[in-house]
Every structure is written in structure tokens, then in C-alpha cells.
Amino acid sequence: MATTFRSATEHDIEWLVDLRAEVLREDLERLGRYDTHRVRQRMRDSYVPTSTRVIVEDGTEIGCVTVRVEDDARWLEHFYLVPRAHGRGIGSQVLREILAEEDPRPFRLNVLQGSSARRLYERHGFTVDSEDEVDVFMTRSAGPR
């Protein structure tokens, strides 16, 4: 199956907020933090189409990833795949492509405590900077591994 990216648009926001709510629901419920309105509104408030890529597999939109660039880091955000795409290596493929992009800044992200996504990030060289009761903050140096 061929997985590619396309640029996100303003018109993608509604299906992306629904995807976010679906993907995060189990972890947020486990943490006692799920709120159907808030989970969607947080994406609406931070959505920047020019920084977001839609992940497409064989012509079907299956997810998204945002890279927010700051002076000292690139933040990997809103990395969601539809549940049927989980466990098939697509997340690793997407990460490899993004991490291979030339830029001297490190990558940073946060992942929910107990999320299986943490293992994906660790396999790709991210290390823990700090943790709280909800989030794990991670960094990966720039450059090839």
C-alpha cells in the first residue's frame, strides 16, 4: 500500500477534530480527562493547515501530522491515524520521512501517559525530558540516527 502526504486545507478541520477525538478517547478516559467538546476544541484552536499534512493511503485519507516550527525546535503535533491503520508500520513510515527532513533543530513532542504511541517515539530516538500526571515530554536530536 502506498502512503503519501498531501497539504491540509481549512476544509479538513472537521474530520480531523473527529479523528483526534476518536484516537485520544481511550487514553483520555483512562486518565480521567476526556471531554467530547474540549478534545475537539483544542485541535480547532491550534490547527494550522500550512503546518499540517494529511496522510493518504491508496487515495484514502487515514490521518494527519503537524510540524510546528519554532526558533529552537520543531514540535511534532496532531499525529493521528485512523484505528484501522494502527499496528501496520504506517506511523513508523511517516516518522522516518519527517525525521529525515534537513533541519538543525531538534524535534519535541508530548504524548499522553500510558499511550502506546510512546513506544513508537522511543523506537525512533525520542527520549523523555519530563513527565507529569498527564503528559510525557520527549525530544529527539536533529540529524540521522
# chains A, B, ... in the order shown; residues from 1 in each chain; ligands from 1
call {"tool": "select_by_dssp", "arguments": {"residues": "segment 5-120 of chain A", "states": "strand (DSSP E)", "output": "ChimeraX atom specification"}}
result
/A:5-7,52-57,60-69,74-81,107-112
call {"tool": "write_last_selection", "arguments": {"atoms": "C-alpha atoms", "output": "PDB file, in the first residue's frame"}}
result
ATOM      1  CA  PHE A   5       1.146  13.178   2.179  1.00  0.00           C
ATOM      2  CA  ARG A   6      -0.972  15.998   0.901  1.00  0.00           C
ATOM      3  CA  SER A   7      -1.161  19.525   2.261  1.00  0.00           C
ATOM      4  CA  THR A  52      -0.256  20.085   8.728  1.00  0.00           C
ATOM      5  CA  ARG A  53      -0.025  17.163   6.329  1.00  0.00           C
ATOM      6  CA  VAL A  54      -2.826  14.735   5.657  1.00  0.00           C
ATOM      7  CA  ILE A  55      -1.668  11.122   5.457  1.00  0.00           C
ATOM      8  CA  VAL A  56      -3.144   9.315   2.452  1.00  0.00           C
ATOM      9  CA  GLU A  57      -3.058   5.602   1.743  1.00  0.00           C
ATOM     10  CA  THR A  60      -7.916   7.426   1.186  1.00  0.00           C
ATOM     11  CA  GLU A  61      -7.219   9.947   3.942  1.00  0.00           C
ATOM     12  CA  ILE A  62      -6.135   7.993   7.021  1.00  0.00           C
ATOM     13  CA  GLY A  63      -4.528  10.553   9.312  1.00  0.00           C
ATOM     14  CA  CYS A  64      -2.565  13.715   9.865  1.00  0.00           C
ATOM     15  CA  VAL A  65       0.618  15.101  11.347  1.00  0.00           C
ATOM     16  CA  THR A  66       1.642  18.668  12.159  1.00  0.00           C
ATOM     17  CA  VAL A  67       5.182  20.010  12.399  1.00  0.00           C
ATOM     18  CA  ARG A  68       5.157  23.360  14.180  1.00  0.00           C
ATOM     19  CA  VAL A  69       8.477  25.155  13.700  1.00  0.00           C
ATOM     20  CA  ARG A  74      10.275  21.536  15.625  1.00  0.00           C
ATOM     21  CA  TRP A  75       7.192  20.322  17.502  1.00  0.00           C
ATOM     22  CA  LEU A  76       5.587  17.121  16.281  1.00  0.00           C
ATOM     23  CA  GLU A  77       1.873  17.550  16.986  1.00  0.00           C
ATOM     24  CA  HIS A  78      -1.512  16.152  15.995  1.00  0.00           C
ATOM     25  CA  PHE A  79      -0.098  12.859  14.761  1.00  0.00           C
ATOM     26  CA  TYR A  80      -3.192  10.690  14.397  1.00  0.00           C
ATOM     27  CA  LEU A  81      -4.030   7.652  12.294  1.00  0.00           C
ATOM     28  CA  PHE A 107      12.107  17.564  17.454  1.00  0.00           C
ATOM     29  CA  ARG A 108       9.938  17.856  20.537  1.00  0.00           C
ATOM     30  CA  LEU A 109       6.560  16.351  21.379  1.00  0.00           C
ATOM     31  CA  ASN A 110       4.310  15.351  24.187  1.00  0.00           C
ATOM     32  CA  VAL A 111       2.393  12.106  24.437  1.00  0.00           C
ATOM     33  CA  LEU A 112      -0.262  11.073  26.939  1.00  0.00           C
TER      34      LEU A 112
END
call {"tool": "select_by_dssp", "arguments": {"residues": "chain A", "states": "alpha helix (DSSP H)", "output": "number ranges by chain"}}
result
A: 13-30, 36-46, 90-99, 117-123
call {"tool": "closest_residue", "arguments": {"among": "A:Leu99, A:Tyr47, A:Thr4, A:Gly114", "to": "Leu24 of chain A", "atoms": "only C-alpha atoms"}}
result
A:Gly114
call {"tool": "residues_around", "arguments": {"residues": "Asp18 of chain A", "least_positions_apart": "2", "cutoff": "10 Å", "atoms": "only C-alpha atoms", "output": "number ranges by chain"}}
result
A: 13-16, 20-23, 36, 39-40, 43
call {"tool": "write_last_selection", "arguments": {"atoms": "N, CA, C and O atoms", "output": "PDB file, in the first residue's frame"}}
result
ATOM      1  N   ILE A  13     -10.609  20.489   8.684  1.00  0.00           N
ATOM      2  CA  ILE A  13     -10.687  20.605  10.143  1.00  0.00           C
ATOM      3  C   ILE A  13     -11.748  19.706  10.775  1.00  0.00           C
ATOM      4  O   ILE A  13     -11.483  19.075  11.801  1.00  0.00           O
ATOM      5  N   GLU A  14     -12.919  19.588  10.224  1.00  0.00           N
ATOM      6  CA  GLU A  14     -13.974  18.829  10.899  1.00  0.00           C
ATOM      7  C   GLU A  14     -13.664  17.340  11.000  1.00  0.00           C
ATOM      8  O   GLU A  14     -13.839  16.734  12.048  1.00  0.00           O
ATOM      9  N   TRP A  15     -13.197  16.734   9.920  1.00  0.00           N
ATOM     10  CA  TRP A  15     -12.889  15.311  10.034  1.00  0.00           C
ATOM     11  C   TRP A  15     -11.653  15.090  10.893  1.00  0.00           C
ATOM     12  O   TRP A  15     -11.540  14.075  11.584  1.00  0.00           O
ATOM     13  N   LEU A  16     -10.737  16.069  10.921  1.00  0.00           N
ATOM     14  CA  LEU A  16      -9.547  15.927  11.763  1.00  0.00           C
ATOM     15  C   LEU A  16      -9.882  16.044  13.247  1.00  0.00           C
ATOM     16  O   LEU A  16      -9.311  15.321  14.067  1.00  0.00           O
ATOM     17  N   ARG A  20      -9.170  13.109  15.932  1.00  0.00           N
ATOM     18  CA  ARG A  20      -8.461  13.336  17.196  1.00  0.00           C
ATOM     19  C   ARG A  20      -9.274  12.796  18.370  1.00  0.00           C
ATOM     20  O   ARG A  20      -8.742  12.100  19.242  1.00  0.00           O
ATOM     21  N   ALA A  21     -10.557  13.103  18.399  1.00  0.00           N
ATOM     22  CA  ALA A  21     -11.414  12.645  19.495  1.00  0.00           C
ATOM     23  C   ALA A  21     -11.467  11.118  19.548  1.00  0.00           C
ATOM     24  O   ALA A  21     -11.411  10.521  20.630  1.00  0.00           O
ATOM     25  N   GLU A  22     -11.548  10.479  18.384  1.00  0.00           N
ATOM     26  CA  GLU A  22     -11.605   9.024  18.334  1.00  0.00           C
ATOM     27  C   GLU A  22     -10.297   8.395  18.810  1.00  0.00           C
ATOM     28  O   GLU A  22     -10.296   7.474  19.627  1.00  0.00           O
ATOM     29  N   VAL A  23      -9.180   8.918  18.331  1.00  0.00           N
ATOM     30  CA  VAL A  23      -7.877   8.330  18.640  1.00  0.00           C
ATOM     31  C   VAL A  23      -7.498   8.543  20.106  1.00  0.00           C
ATOM     32  O   VAL A  23      -6.932   7.651  20.741  1.00  0.00           O
ATOM     33  N   THR A  36     -15.760  15.541  25.433  1.00  0.00           N
ATOM     34  CA  THR A  36     -16.027  15.489  23.992  1.00  0.00           C
ATOM     35  C   THR A  36     -15.873  16.848  23.314  1.00  0.00           C
ATOM     36  O   THR A  36     -15.400  16.925  22.181  1.00  0.00           O
ATOM     37  N   VAL A  39     -11.790  18.044  23.653  1.00  0.00           N
ATOM     38  CA  VAL A  39     -10.848  17.310  22.808  1.00  0.00           C
ATOM     39  C   VAL A  39     -10.895  17.819  21.365  1.00  0.00           C
ATOM     40  O   VAL A  39      -9.880  17.892  20.681  1.00  0.00           O
ATOM     41  N   ARG A  40     -12.048  18.228  20.921  1.00  0.00           N
ATOM     42  CA  ARG A  40     -12.199  18.764  19.563  1.00  0.00           C
ATOM     43  C   ARG A  40     -11.760  20.233  19.499  1.00  0.00           C
ATOM     44  O   ARG A  40     -11.087  20.654  18.561  1.00  0.00           O
ATOM     45  N   MET A  43      -7.986  21.059  19.151  1.00  0.00           N
ATOM     46  CA  MET A  43      -7.436  20.967  17.790  1.00  0.00           C
ATOM     47  C   MET A  43      -7.883  22.158  16.964  1.00  0.00           C
ATOM     48  O   MET A  43      -7.080  22.726  16.225  1.00  0.00           O
TER      49      MET A  43
END
call {"tool": "closest_residue", "arguments": {"among": "A:Ala142, A:Ala73, A:Leu120, A:Val134", "to": "Ala100 of chain A", "atoms": "only C-alpha atoms"}}
result
A:Ala142
call {"tool": "closest_residue", "arguments": {"among": "A:Arg33, A:Leu19, A:Leu95, A:Val136", "to": "Ser115 of chain A", "atoms": "only C-alpha atoms"}}
result
A:Val136
call {"tool": "residues_around", "arguments": {"residues": "Tyr121 of chain A", "least_positions_apart": "2", "cutoff": "9 Å", "atoms": "only C-alpha atoms", "output": "ChimeraX atom specification"}}
result
/A:92,95,117-119,123-127,138,140
call {"tool": "atom_distance", "arguments": {"atom1": "atom CA of Ala85 of chain A", "atom2": "atom CA of Asp129 of chain A"}}
result
28.6 Å
call {"tool": "atom_distance", "arguments": {"atom1": "atom CA of Gly32 of chain A", "atom2": "atom CA of Asp132 of chain A"}}
result
14.2 Å
call {"tool": "atom_distance", "arguments": {"atom1": "atom CA of Val17 of chain A", "atom2": "atom CA of Gly89 of chain A"}}
result
23.1 Å
